[in-house]
Amino acid sequence: MTQERSGAAILCETLVRQGVEFVFGYPGGAVLPIYDELFSDDRIRHILVRHEAGAAHAAEGYARSTGKPGVVLVTSGPGATNAITGIADAFLDSIPLVVITGQVATNLIGTDAFQEADTIGLTRHCTKHNYLVKDPAELAATIDEAFEIATTGRPGPVVIDIPKNVQVATAPWSDAPIQRHRRYNPRMVAPPEEIAEAVELIANAKAPIFYTGGGVINSGPRASELLRRFQALTGAPITSTLMGLGSFPSDHPAWLGMLGMHGTLEANMAMNQCDVMVNIGARFDDRVTGRLDAFSPDSTKIHIDIDRASINKVVPVDLGIVGDCATVLEQMIECWGNRKAQDLSEWNARLAGWRARDSLAYPAKSKDGMIMPQKAIERLHALTHKLDPVITTEVGQHQMWAAQYFGFVEPNRWLTSGGLGTMGYGLPAAIGAQLGNPGKLVIDVAGEASIQMNIQEMGTASQFRLPVKVFILNNEYMGMVRQWQELTYESRYSNSYSDSLPDFVALAEAYGWKGIRITSEDELDAGIQAMIDHDGPVMVDCMVAKEANCFPMIPSGAAHTEMLLYGDQVAGTLDDEAKALV
Amino acid sequence: MMKIKQSEAERHVLNITVDNEAGILAKIAGLFTARGYNIDSLTVADISENHSVSRITIVTNGPPHVIDQIEAQLDRLVPVHRVVDLTQAGPHVERELALVKVSGVGEKRVEALRLADIFRARPVDTTTGSFIFEITGPPDKVDSFIALMRELGLVEVGRTGVVGMMRGPEAA
């Protein structure tokens, strides 16, 4: 049956049809018709955030932890501009978001109207696609296509800008399936000859390595399963990028740890010395490769990626395979058949030699007698891993320590801002993850500086009774900035001290949360346990060593073979080339 | 001291077939600026009966790996149907049109008309003291003509930028 419905009503119907459970948003003038429609619609739950940046990150956290697209609803002008950081974050980390922005009425566009911003222009290069819908009759098909684009191929954010008069005007709506022209067809399956060539290379490798990334996570849990199966067939060791953690179990003997700037020595040395590198859903990010001309100089490189533009973008490869990670892994497993794995004992012996260097070792005691932050993460892992928690982070040292010392065994449990490196990501992401995973333990591992960037979202957690935990490693510094200043600017700590910090425990209580302060190592386990045991939101202010550094580290402009470990002498200066490089 | 390095560039002509939707030109031109690619010329017009599809021709330059990236980046935009690198694909025709206004009297005016004839440029407007010539051809021919006119009283130039097509019976 066809009837006339308003644009706002068509939007809500289409979202319901897409299976949307939650909309993360903030009302304003240019979306009032949509909010009025939501008021009487109990099929969609609106999560009112405290700032639009929080809406976008919460939607990201929901999407990453569930594999479903996150939906954001914000008003025109400042609503849209505030959401842009989260949109750009989702773009760089390939997270499926559908962002609905209000716009001034079509007759006002271009007149510098109140709360007008050129949202389409502003988001053009940080979205996978964006639309300005000028006719309510086009809304249903546009939203339908937006969900397809956001969730298929290489996932990403899609913005739909809807002028206020388009929300009010009516168009025919029927319950029949939406008719539209299909124009987006990402390549999922790889040509068999490329698969055969890849399998041949892997089968004959004496020193292979799998270098896996966020693409394995984005491809769905099946990709992680297939990765484990393919690894078992080939016996190859595995490392992963920051984005790929969890796709392969960290307690597996073939696991080398994370690679890159703060990766393990064994992972980076193996990348440097391998003879066949198989990149599965990673993108040779500069934080991973270190100095490009010294990056794995003698290996044959295979790159599997769903985005053709990722292949040969940074590192030229010998065999580029465009396709979905899960599909390609399945094709490779089938092509592998009942081949025998190579004898990799010589390679494994070399790996063992690098592992023996124990690159994640750190001093048991800090100079100031405070808790070593690495220790805090290790204890957090020890006390929570049986509960299969979801971990989010902010950005900085704490993020790297969490990546290094918190072992992940399943995908979709590790939510961190990798590409854009957005401070303030973790708390809203935890809120989104908690909504998508009710009953699960969700912990934002934070720093005292990052947490302040979206600290207003504590109110969101209180309002929706979300028992998220925020575990702050408080070293009173923007730790990663301070570390770089120590290592490359002779300890001139320009503006990196966290002055005038709030009392985080009192702040927690002000928001109706539980606040816990941990000041010494003997309080650590009890503090963490108290955090786990409380059935509401908890903020833990864990005071840690002020000047602990994040090692291992590939210094700016250095190669994988030139890692710094804890205790290495560091010069404190860099030449201009290296300063500019990273 | 640190210096910014530049690398060797080669010229490529790209034909891009796109959905004729609002903002597509900004999206494509913006991709070039956002990623630091060069545009030497750009032309766009719709080419289908129902105005739903446009062809954009871009002349760009860059090292081979950058050209490859440009094509891949263009290809992943949702409204882009197809990207054909004519330079890569083989023998093709390139044409552009220019309007060239020249003013002068006496021998210079006669010489301008004589050269126009050699270049098969047509006068499309004339006064007793000026001509507008219309010239079509590959860009280097248009360049040569304009260079000659410069000596004979060149007033202004308008160029369309290059359009191109593969030789032979097939569509590229």
# chains A, B, ... in the order shown; residues from 1 in each chain; ligands from 1
call {"tool": "select_by_dssp", "arguments": {"residues": "region 15-94 of chain B", "states": "alpha helix (DSSP H)", "output": "ChimeraX atom specification"}}
result
/B:24-34,64-75,86-89
call {"tool": "residues_around", "arguments": {"residues": "region 256-263 of chain A", "least_positions_apart": "6", "cutoff": "10 Å", "atoms": "only C-alpha atoms", "output": "PDB file with N, CA, C and O atoms, in the first residue's frame"}}
result
ATOM      1  N   ILE A 209      56.226 -14.883   6.445  1.00  0.00           N
ATOM      2  CA  ILE A 209      55.561 -14.214   7.553  1.00  0.00           C
ATOM      3  C   ILE A 209      54.199 -13.711   7.074  1.00  0.00           C
ATOM      4  O   ILE A 209      54.068 -13.268   5.935  1.00  0.00           O
ATOM      5  N   PHE A 210      53.203 -13.839   7.945  1.00  0.00           N
ATOM      6  CA  PHE A 210      51.904 -13.239   7.683  1.00  0.00           C
ATOM      7  C   PHE A 210      51.837 -11.923   8.441  1.00  0.00           C
ATOM      8  O   PHE A 210      52.049 -11.889   9.654  1.00  0.00           O
ATOM      9  N   TYR A 211      51.546 -10.884   7.697  1.00  0.00           N
ATOM     10  CA  TYR A 211      51.448  -9.530   8.273  1.00  0.00           C
ATOM     11  C   TYR A 211      49.993  -9.112   8.077  1.00  0.00           C
ATOM     12  O   TYR A 211      49.571  -8.850   6.968  1.00  0.00           O
ATOM     13  N   THR A 212      49.227  -9.169   9.169  1.00  0.00           N
ATOM     14  CA  THR A 212      47.775  -9.028   9.037  1.00  0.00           C
ATOM     15  C   THR A 212      47.307  -7.699   9.630  1.00  0.00           C
ATOM     16  O   THR A 212      47.936  -7.142  10.527  1.00  0.00           O
ATOM     17  N   PRO A 237      54.804 -17.823  10.844  1.00  0.00           N
ATOM     18  CA  PRO A 237      54.577 -16.952  11.996  1.00  0.00           C
ATOM     19  C   PRO A 237      53.708 -15.761  11.595  1.00  0.00           C
ATOM     20  O   PRO A 237      53.671 -15.387  10.420  1.00  0.00           O
ATOM     21  N   ILE A 238      53.034 -15.187  12.591  1.00  0.00           N
ATOM     22  CA  ILE A 238      52.091 -14.092  12.316  1.00  0.00           C
ATOM     23  C   ILE A 238      52.408 -12.879  13.169  1.00  0.00           C
ATOM     24  O   ILE A 238      52.640 -12.997  14.376  1.00  0.00           O
ATOM     25  N   THR A 239      52.391 -11.729  12.511  1.00  0.00           N
ATOM     26  CA  THR A 239      52.382 -10.475  13.249  1.00  0.00           C
ATOM     27  C   THR A 239      51.161  -9.695  12.792  1.00  0.00           C
ATOM     28  O   THR A 239      50.542 -10.035  11.794  1.00  0.00           O
ATOM     29  N   SER A 240      50.808  -8.672  13.527  1.00  0.00           N
ATOM     30  CA  SER A 240      49.632  -7.906  13.153  1.00  0.00           C
ATOM     31  C   SER A 240      49.866  -6.439  13.441  1.00  0.00           C
ATOM     32  O   SER A 240      50.644  -6.071  14.312  1.00  0.00           O
ATOM     33  N   THR A 241      49.141  -5.610  12.708  1.00  0.00           N
ATOM     34  CA  THR A 241      49.160  -4.184  12.964  1.00  0.00           C
ATOM     35  C   THR A 241      48.314  -3.900  14.202  1.00  0.00           C
ATOM     36  O   THR A 241      47.596  -4.762  14.700  1.00  0.00           O
ATOM     37  N   LEU A 242      48.354  -2.649  14.632  1.00  0.00           N
ATOM     38  CA  LEU A 242      47.512  -2.207  15.745  1.00  0.00           C
ATOM     39  C   LEU A 242      46.041  -2.518  15.454  1.00  0.00           C
ATOM     40  O   LEU A 242      45.294  -2.923  16.332  1.00  0.00           O
ATOM     41  N   MET A 243      45.633  -2.306  14.206  1.00  0.00           N
ATOM     42  CA  MET A 243      44.233  -2.485  13.846  1.00  0.00           C
ATOM     43  C   MET A 243      43.817  -3.951  13.782  1.00  0.00           C
ATOM     44  O   MET A 243      42.640  -4.257  13.830  1.00  0.00           O
ATOM     45  N   GLY A 244      44.785  -4.833  13.619  1.00  0.00           N
ATOM     46  CA  GLY A 244      44.443  -6.241  13.389  1.00  0.00           C
ATOM     47  C   GLY A 244      44.480  -7.092  14.641  1.00  0.00           C
ATOM     48  O   GLY A 244      44.242  -8.307  14.569  1.00  0.00           O
ATOM     49  N   LEU A 245      44.796  -6.492  15.794  1.00  0.00           N
ATOM     50  CA  LEU A 245      44.950  -7.298  17.014  1.00  0.00           C
ATOM     51  C   LEU A 245      43.657  -8.046  17.324  1.00  0.00           C
ATOM     52  O   LEU A 245      42.573  -7.477  17.269  1.00  0.00           O
ATOM     53  N   PHE A 248      44.253 -13.019  15.442  1.00  0.00           N
ATOM     54  CA  PHE A 248      45.021 -14.242  15.713  1.00  0.00           C
ATOM     55  C   PHE A 248      45.341 -14.260  17.205  1.00  0.00           C
ATOM     56  O   PHE A 248      45.702 -13.224  17.773  1.00  0.00           O
ATOM     57  N   PRO A 249      45.201 -15.411  17.870  1.00  0.00           N
ATOM     58  CA  PRO A 249      45.336 -15.412  19.329  1.00  0.00           C
ATOM     59  C   PRO A 249      46.752 -15.100  19.801  1.00  0.00           C
ATOM     60  O   PRO A 249      47.718 -15.678  19.315  1.00  0.00           O
ATOM     61  N   SER A 250      46.833 -14.206  20.776  1.00  0.00           N
ATOM     62  CA  SER A 250      48.143 -13.760  21.242  1.00  0.00           C
ATOM     63  C   SER A 250      48.854 -14.825  22.068  1.00  0.00           C
ATOM     64  O   SER A 250      50.034 -14.677  22.370  1.00  0.00           O
ATOM     65  N   MET A 269      61.984  -7.738  13.270  1.00  0.00           N
ATOM     66  CA  MET A 269      63.127  -8.429  12.668  1.00  0.00           C
ATOM     67  C   MET A 269      62.643  -9.456  11.654  1.00  0.00           C
ATOM     68  O   MET A 269      63.230  -9.611  10.581  1.00  0.00           O
ATOM     69  N   ALA A 270      61.569 -10.154  11.993  1.00  0.00           N
ATOM     70  CA  ALA A 270      61.043 -11.164  11.072  1.00  0.00           C
ATOM     71  C   ALA A 270      60.538 -10.502   9.785  1.00  0.00           C
ATOM     72  O   ALA A 270      60.732 -11.031   8.692  1.00  0.00           O
ATOM     73  N   MET A 271      59.933  -9.318   9.924  1.00  0.00           N
ATOM     74  CA  MET A 271      59.497  -8.599   8.723  1.00  0.00           C
ATOM     75  C   MET A 271      60.709  -8.228   7.867  1.00  0.00           C
ATOM     76  O   MET A 271      60.674  -8.295   6.647  1.00  0.00           O
ATOM     77  N   PHE A 284      50.571  -1.073   4.881  1.00  0.00           N
ATOM     78  CA  PHE A 284      51.940  -0.532   4.895  1.00  0.00           C
ATOM     79  C   PHE A 284      51.963   0.902   5.414  1.00  0.00           C
ATOM     80  O   PHE A 284      52.561   1.799   4.815  1.00  0.00           O
ATOM     81  N   ASP A 285      51.279   1.100   6.534  1.00  0.00           N
ATOM     82  CA  ASP A 285      51.246   2.426   7.155  1.00  0.00           C
ATOM     83  C   ASP A 285      52.664   2.839   7.560  1.00  0.00           C
ATOM     84  O   ASP A 285      53.508   1.988   7.840  1.00  0.00           O
ATOM     85  N   ASP A 286      52.899   4.147   7.608  1.00  0.00           N
ATOM     86  CA  ASP A 286      54.255   4.607   7.938  1.00  0.00           C
ATOM     87  C   ASP A 286      54.678   4.212   9.350  1.00  0.00           C
ATOM     88  O   ASP A 286      55.856   4.091   9.640  1.00  0.00           O
ATOM     89  N   ARG A 287      53.690   4.004  10.264  1.00  0.00           N
ATOM     90  CA  ARG A 287      54.035   3.556  11.621  1.00  0.00           C
ATOM     91  C   ARG A 287      54.456   2.091  11.629  1.00  0.00           C
ATOM     92  O   ARG A 287      54.966   1.588  12.629  1.00  0.00           O
ATOM     93  N   VAL A 288      54.182   1.402  10.532  1.00  0.00           N
ATOM     94  CA  VAL A 288      54.520  -0.016  10.445  1.00  0.00           C
ATOM     95  C   VAL A 288      55.832  -0.217   9.705  1.00  0.00           C
ATOM     96  O   VAL A 288      56.664  -1.037  10.093  1.00  0.00           O
ATOM     97  N   THR A 289      56.037   0.563   8.653  1.00  0.00           N
ATOM     98  CA  THR A 289      57.178   0.281   7.781  1.00  0.00           C
ATOM     99  C   THR A 289      58.488   0.843   8.309  1.00  0.00           C
ATOM    100  O   THR A 289      59.547   0.334   7.981  1.00  0.00           O
ATOM    101  N   GLY A 290      58.430   1.920   9.117  1.00  0.00           N
ATOM    102  CA  GLY A 290      59.672   2.604   9.441  1.00  0.00           C
ATOM    103  C   GLY A 290      60.269   3.151   8.156  1.00  0.00           C
ATOM    104  O   GLY A 290      59.542   3.418   7.182  1.00  0.00           O
ATOM    105  N   LEU A 351      63.648 -16.940  14.836  1.00  0.00           N
ATOM    106  CA  LEU A 351      62.592 -16.216  15.556  1.00  0.00           C
ATOM    107  C   LEU A 351      62.787 -16.367  17.062  1.00  0.00           C
ATOM    108  O   LEU A 351      62.648 -15.404  17.825  1.00  0.00           O
ATOM    109  N   ALA A 352      63.126 -17.581  17.461  1.00  0.00           N
ATOM    110  CA  ALA A 352      63.323 -17.842  18.895  1.00  0.00           C
ATOM    111  C   ALA A 352      64.467 -16.993  19.444  1.00  0.00           C
ATOM    112  O   ALA A 352      64.409 -16.496  20.577  1.00  0.00           O
ATOM    113  N   TRP A 354      65.342 -14.020  18.404  1.00  0.00           N
ATOM    114  CA  TRP A 354      64.864 -12.638  18.613  1.00  0.00           C
ATOM    115  C   TRP A 354      63.904 -12.565  19.795  1.00  0.00           C
ATOM    116  O   TRP A 354      63.929 -11.617  20.561  1.00  0.00           O
ATOM    117  N   ARG A 355      63.074 -13.605  19.923  1.00  0.00           N
ATOM    118  CA  ARG A 355      62.140 -13.625  21.061  1.00  0.00           C
ATOM    119  C   ARG A 355      62.897 -13.595  22.386  1.00  0.00           C
ATOM    120  O   ARG A 355      62.454 -12.980  23.356  1.00  0.00           O
ATOM    121  N   SER A 359      61.875  -8.220  24.174  1.00  0.00           N
ATOM    122  CA  SER A 359      61.846  -6.778  23.888  1.00  0.00           C
ATOM    123  C   SER A 359      60.788  -6.025  24.690  1.00  0.00           C
ATOM    124  O   SER A 359      60.825  -4.802  24.765  1.00  0.00           O
ATOM    125  N   LEU A 360      59.838  -6.743  25.271  1.00  0.00           N
ATOM    126  CA  LEU A 360      58.815  -6.057  26.067  1.00  0.00           C
ATOM    127  C   LEU A 360      59.192  -5.958  27.546  1.00  0.00           C
ATOM    128  O   LEU A 360      58.400  -5.502  28.363  1.00  0.00           O
ATOM    129  N   GLN A 397      50.687   6.907  24.850  1.00  0.00           N
ATOM    130  CA  GLN A 397      51.456   5.810  25.457  1.00  0.00           C
ATOM    131  C   GLN A 397      50.555   4.695  25.975  1.00  0.00           C
ATOM    132  O   GLN A 397      50.806   3.523  25.739  1.00  0.00           O
ATOM    133  N   MET A 400      49.524   2.311  23.347  1.00  0.00           N
ATOM    134  CA  MET A 400      50.562   1.376  22.920  1.00  0.00           C
ATOM    135  C   MET A 400      50.813   0.309  23.992  1.00  0.00           C
ATOM    136  O   MET A 400      50.993  -0.857  23.684  1.00  0.00           O
ATOM    137  N   TRP A 401      50.793   0.732  25.273  1.00  0.00           N
ATOM    138  CA  TRP A 401      50.995  -0.263  26.337  1.00  0.00           C
ATOM    139  C   TRP A 401      49.849  -1.270  26.340  1.00  0.00           C
ATOM    140  O   TRP A 401      50.073  -2.471  26.534  1.00  0.00           O
ATOM    141  N   ALA A 403      48.139  -2.156  23.752  1.00  0.00           N
ATOM    142  CA  ALA A 403      48.347  -3.016  22.583  1.00  0.00           C
ATOM    143  C   ALA A 403      49.448  -4.048  22.857  1.00  0.00           C
ATOM    144  O   ALA A 403      49.375  -5.188  22.412  1.00  0.00           O
ATOM    145  N   GLN A 404      50.473  -3.632  23.606  1.00  0.00           N
ATOM    146  CA  GLN A 404      51.618  -4.509  23.840  1.00  0.00           C
ATOM    147  C   GLN A 404      51.372  -5.544  24.936  1.00  0.00           C
ATOM    148  O   GLN A 404      51.797  -6.685  24.822  1.00  0.00           O
ATOM    149  N   TYR A 405      50.698  -5.123  26.019  1.00  0.00           N
ATOM    150  CA  TYR A 405      50.654  -5.986  27.214  1.00  0.00           C
ATOM    151  C   TYR A 405      49.285  -6.602  27.476  1.00  0.00           C
ATOM    152  O   TYR A 405      49.135  -7.387  28.392  1.00  0.00           O
ATOM    153  N   GLY A 407      46.759  -9.095  26.000  1.00  0.00           N
ATOM    154  CA  GLY A 407      46.694 -10.090  24.929  1.00  0.00           C
ATOM    155  C   GLY A 407      45.269 -10.230  24.405  1.00  0.00           C
ATOM    156  O   GLY A 407      44.334 -10.330  25.190  1.00  0.00           O
ATOM    157  N   CYS A 550      57.607   4.329  26.331  1.00  0.00           N
ATOM    158  CA  CYS A 550      57.003   3.224  25.605  1.00  0.00           C
ATOM    159  C   CYS A 550      58.055   2.626  24.678  1.00  0.00           C
ATOM    160  O   CYS A 550      58.423   3.228  23.674  1.00  0.00           O
ATOM    161  N   PHE A 551      58.547   1.462  25.060  1.00  0.00           N
ATOM    162  CA  PHE A 551      59.517   0.719  24.262  1.00  0.00           C
ATOM    163  C   PHE A 551      58.969  -0.673  24.036  1.00  0.00           C
ATOM    164  O   PHE A 551      58.088  -1.094  24.767  1.00  0.00           O
ATOM    165  N   PRO A 552      59.439  -1.413  23.060  1.00  0.00           N
ATOM    166  CA  PRO A 552      60.454  -1.044  22.083  1.00  0.00           C
ATOM    167  C   PRO A 552      59.963   0.105  21.195  1.00  0.00           C
ATOM    168  O   PRO A 552      58.778   0.374  21.120  1.00  0.00           O
ATOM    169  N   MET A 553      60.907   0.703  20.497  1.00  0.00           N
ATOM    170  CA  MET A 553      60.550   1.818  19.634  1.00  0.00           C
ATOM    171  C   MET A 553      61.503   1.872  18.450  1.00  0.00           C
ATOM    172  O   MET A 553      62.708   1.756  18.601  1.00  0.00           O
ATOM    173  N   ILE A 554      60.910   2.031  17.271  1.00  0.00           N
ATOM    174  CA  ILE A 554      61.720   2.337  16.092  1.00  0.00           C
ATOM    175  C   ILE A 554      61.773   3.849  16.030  1.00  0.00           C
ATOM    176  O   ILE A 554      60.752   4.489  15.828  1.00  0.00           O
ATOM    177  N   PRO A 555      62.937   4.432  16.249  1.00  0.00           N
ATOM    178  CA  PRO A 555      62.982   5.889  16.258  1.00  0.00           C
ATOM    179  C   PRO A 555      62.635   6.436  14.873  1.00  0.00           C
ATOM    180  O   PRO A 555      62.716   5.735  13.872  1.00  0.00           O
ATOM    181  N   SER A 556      62.273   7.686  14.876  1.00  0.00           N
ATOM    182  CA  SER A 556      61.930   8.385  13.650  1.00  0.00           C
ATOM    183  C   SER A 556      63.009   8.195  12.592  1.00  0.00           C
ATOM    184  O   SER A 556      64.185   8.393  12.863  1.00  0.00           O
ATOM    185  N   ALA A 558      64.178   5.530  11.270  1.00  0.00           N
ATOM    186  CA  ALA A 558      65.053   4.368  11.394  1.00  0.00           C
ATOM    187  C   ALA A 558      64.410   3.146  10.741  1.00  0.00           C
ATOM    188  O   ALA A 558      63.243   3.154  10.378  1.00  0.00           O
ATOM    189  N   ALA A 559      65.225   2.106  10.608  1.00  0.00           N
ATOM    190  CA  ALA A 559      64.751   0.868   9.992  1.00  0.00           C
ATOM    191  C   ALA A 559      64.285  -0.097  11.077  1.00  0.00           C
ATOM    192  O   ALA A 559      64.545   0.110  12.264  1.00  0.00           O
ATOM    193  N   HIS A 560      63.612  -1.180  10.634  1.00  0.00           N
ATOM    194  CA  HIS A 560      63.124  -2.195  11.567  1.00  0.00           C
ATOM    195  C   HIS A 560      64.234  -2.815  12.407  1.00  0.00           C
ATOM    196  O   HIS A 560      63.997  -3.307  13.499  1.00  0.00           O
ATOM    197  N   MET A 563      65.864  -0.989  16.406  1.00  0.00           N
ATOM    198  CA  MET A 563      64.910  -0.725  17.482  1.00  0.00           C
ATOM    199  C   MET A 563      65.608  -0.317  18.768  1.00  0.00           C
ATOM    200  O   MET A 563      66.690  -0.809  19.080  1.00  0.00           O
ATOM    201  N   LEU A 564      64.936   0.551  19.509  1.00  0.00           N
ATOM    202  CA  LEU A 564      65.397   0.876  20.854  1.00  0.00           C
ATOM    203  C   LEU A 564      64.635   0.016  21.842  1.00  0.00           C
ATOM    204  O   LEU A 564      63.421  -0.123  21.738  1.00  0.00           O
ATOM    205  N   LEU A 565      65.350  -0.552  22.796  1.00  0.00           N
ATOM    206  CA  LEU A 565      64.700  -1.298  23.861  1.00  0.00           C
ATOM    207  C   LEU A 565      64.870  -0.526  25.164  1.00  0.00           C
ATOM    208  O   LEU A 565      65.663   0.417  25.236  1.00  0.00           O
TER     209      LEU A 565
END
call {"tool": "closest_residue", "arguments": {"among": "B:Glu21, B:Ala72, B:Ile39, B:Lys3", "to": "chain A", "atoms": "only C-alpha atoms"}}
result
B:Ala72
call {"tool": "closest_residue", "arguments": {"among": "A:Gly213, A:Pro177, A:Pro155, A:Pro467", "to": "chain B", "atoms": "only C-alpha atoms"}}
result
A:Pro155
call {"tool": "interface_residues", "arguments": {"of": "chain B", "to": "chain A", "cutoff": "12 Å", "atoms": "only C-alpha atoms", "output": "NGL selection string"}}
result
:B and (1-5 or 18-19 or 21-35 or 64-82)
call {"tool": "residues_around", "arguments": {"residues": "region 24-38 of chain A", "least_positions_apart": "4", "cutoff": "9 Å", "atoms": "only C-alpha atoms", "output": "ChimeraX atom specification"}}
result
/A:7-9,11-12,42-52,54-56,58-59,70-77,79,101-105,115,162-164,167-168,432
call {"tool": "closest_residue", "arguments": {"among": "A:Gly527, A:Pro502, A:Gly419, A:Gly536", "to": "Lys514 (chain A)", "atoms": "only C-alpha atoms"}}
result
A:Gly536
call {"tool": "select_by_dssp", "arguments": {"residues": "region 144-258 of chain A", "states": "strand (DSSP E or B)", "output": "PyMOL selection string"}}
result
chain A and resi 157-163+170-174+208-212+238-240+255-258
call {"tool": "residues_around", "arguments": {"residues": "region 87-104 of chain B", "least_positions_apart": "4", "cutoff": "8 Å", "atoms": "only C-alpha atoms", "output": "PyMOL selection string"}}
result
chain B and resi 11-14+108-109+112+129-139+142+146+149+152-167
call {"tool": "residues_around", "arguments": {"residues": "Asp499 (chain A)", "least_positions_apart": "5", "cutoff": "12 Å", "atoms": "only C-alpha atoms", "output": "PyMOL selection string"}}
result
chain A and resi 448-449+474-478
call {"tool": "write_last_selection", "arguments": {"atoms": "N, CA and C atoms", "output": "mmCIF file, in the first residue's frame"}}
result
data_model
loop_
_atom_site.group_PDB
_atom_site.id
_atom_site.type_symbol
_atom_site.label_atom_id
_atom_site.label_comp_id
_atom_site.auth_asym_id
_atom_site.auth_seq_id
_atom_site.Cartn_x
_atom_site.Cartn_y
_atom_site.Cartn_z
ATOM 1 N N GLU A 448 45.407 10.431 31.272
ATOM 2 C CA GLU A 448 44.711 11.532 31.947
ATOM 3 C C GLU A 448 44.507 12.729 31.023
ATOM 4 N N ALA A 449 45.289 12.809 29.943
ATOM 5 C CA ALA A 449 45.113 13.920 29.001
ATOM 6 C C ALA A 449 44.014 13.594 27.988
ATOM 7 N N ASN A 474 47.480 7.479 34.824
ATOM 8 C CA ASN A 474 47.714 8.901 35.058
ATOM 9 C C ASN A 474 49.187 9.152 35.360
ATOM 10 N N ASN A 475 49.904 9.682 34.355
ATOM 11 C CA ASN A 475 51.308 10.029 34.595
ATOM 12 C C ASN A 475 51.523 11.545 34.545
ATOM 13 N N GLU A 476 50.409 12.277 34.554
ATOM 14 C CA GLU A 476 50.448 13.742 34.568
ATOM 15 C C GLU A 476 51.190 14.346 33.388
ATOM 16 N N TYR A 477 51.304 13.567 32.318
ATOM 17 C CA TYR A 477 51.902 14.108 31.096
ATOM 18 C C TYR A 477 51.113 13.608 29.902
ATOM 19 N N MET A 478 51.125 14.397 28.826
ATOM 20 C CA MET A 478 50.761 13.839 27.532
ATOM 21 C C MET A 478 51.952 12.961 27.192
#
call {"tool": "residues_around", "arguments": {"residues": "region 339-343 of chain A", "least_positions_apart": "5", "cutoff": "12 Å", "atoms": "only C-alpha atoms", "output": "ChimeraX atom specification"}}
result
/A:199-208,230-236,332-334,348-349
call {"tool": "residues_around", "arguments": {"residues": "Ala545 (chain A)", "least_positions_apart": "5", "cutoff": "6 Å", "atoms": "only C-alpha atoms", "output": "list of chain:residue names"}}
result
A:Met370, A:Ile371, A:Met372, A:Asn475
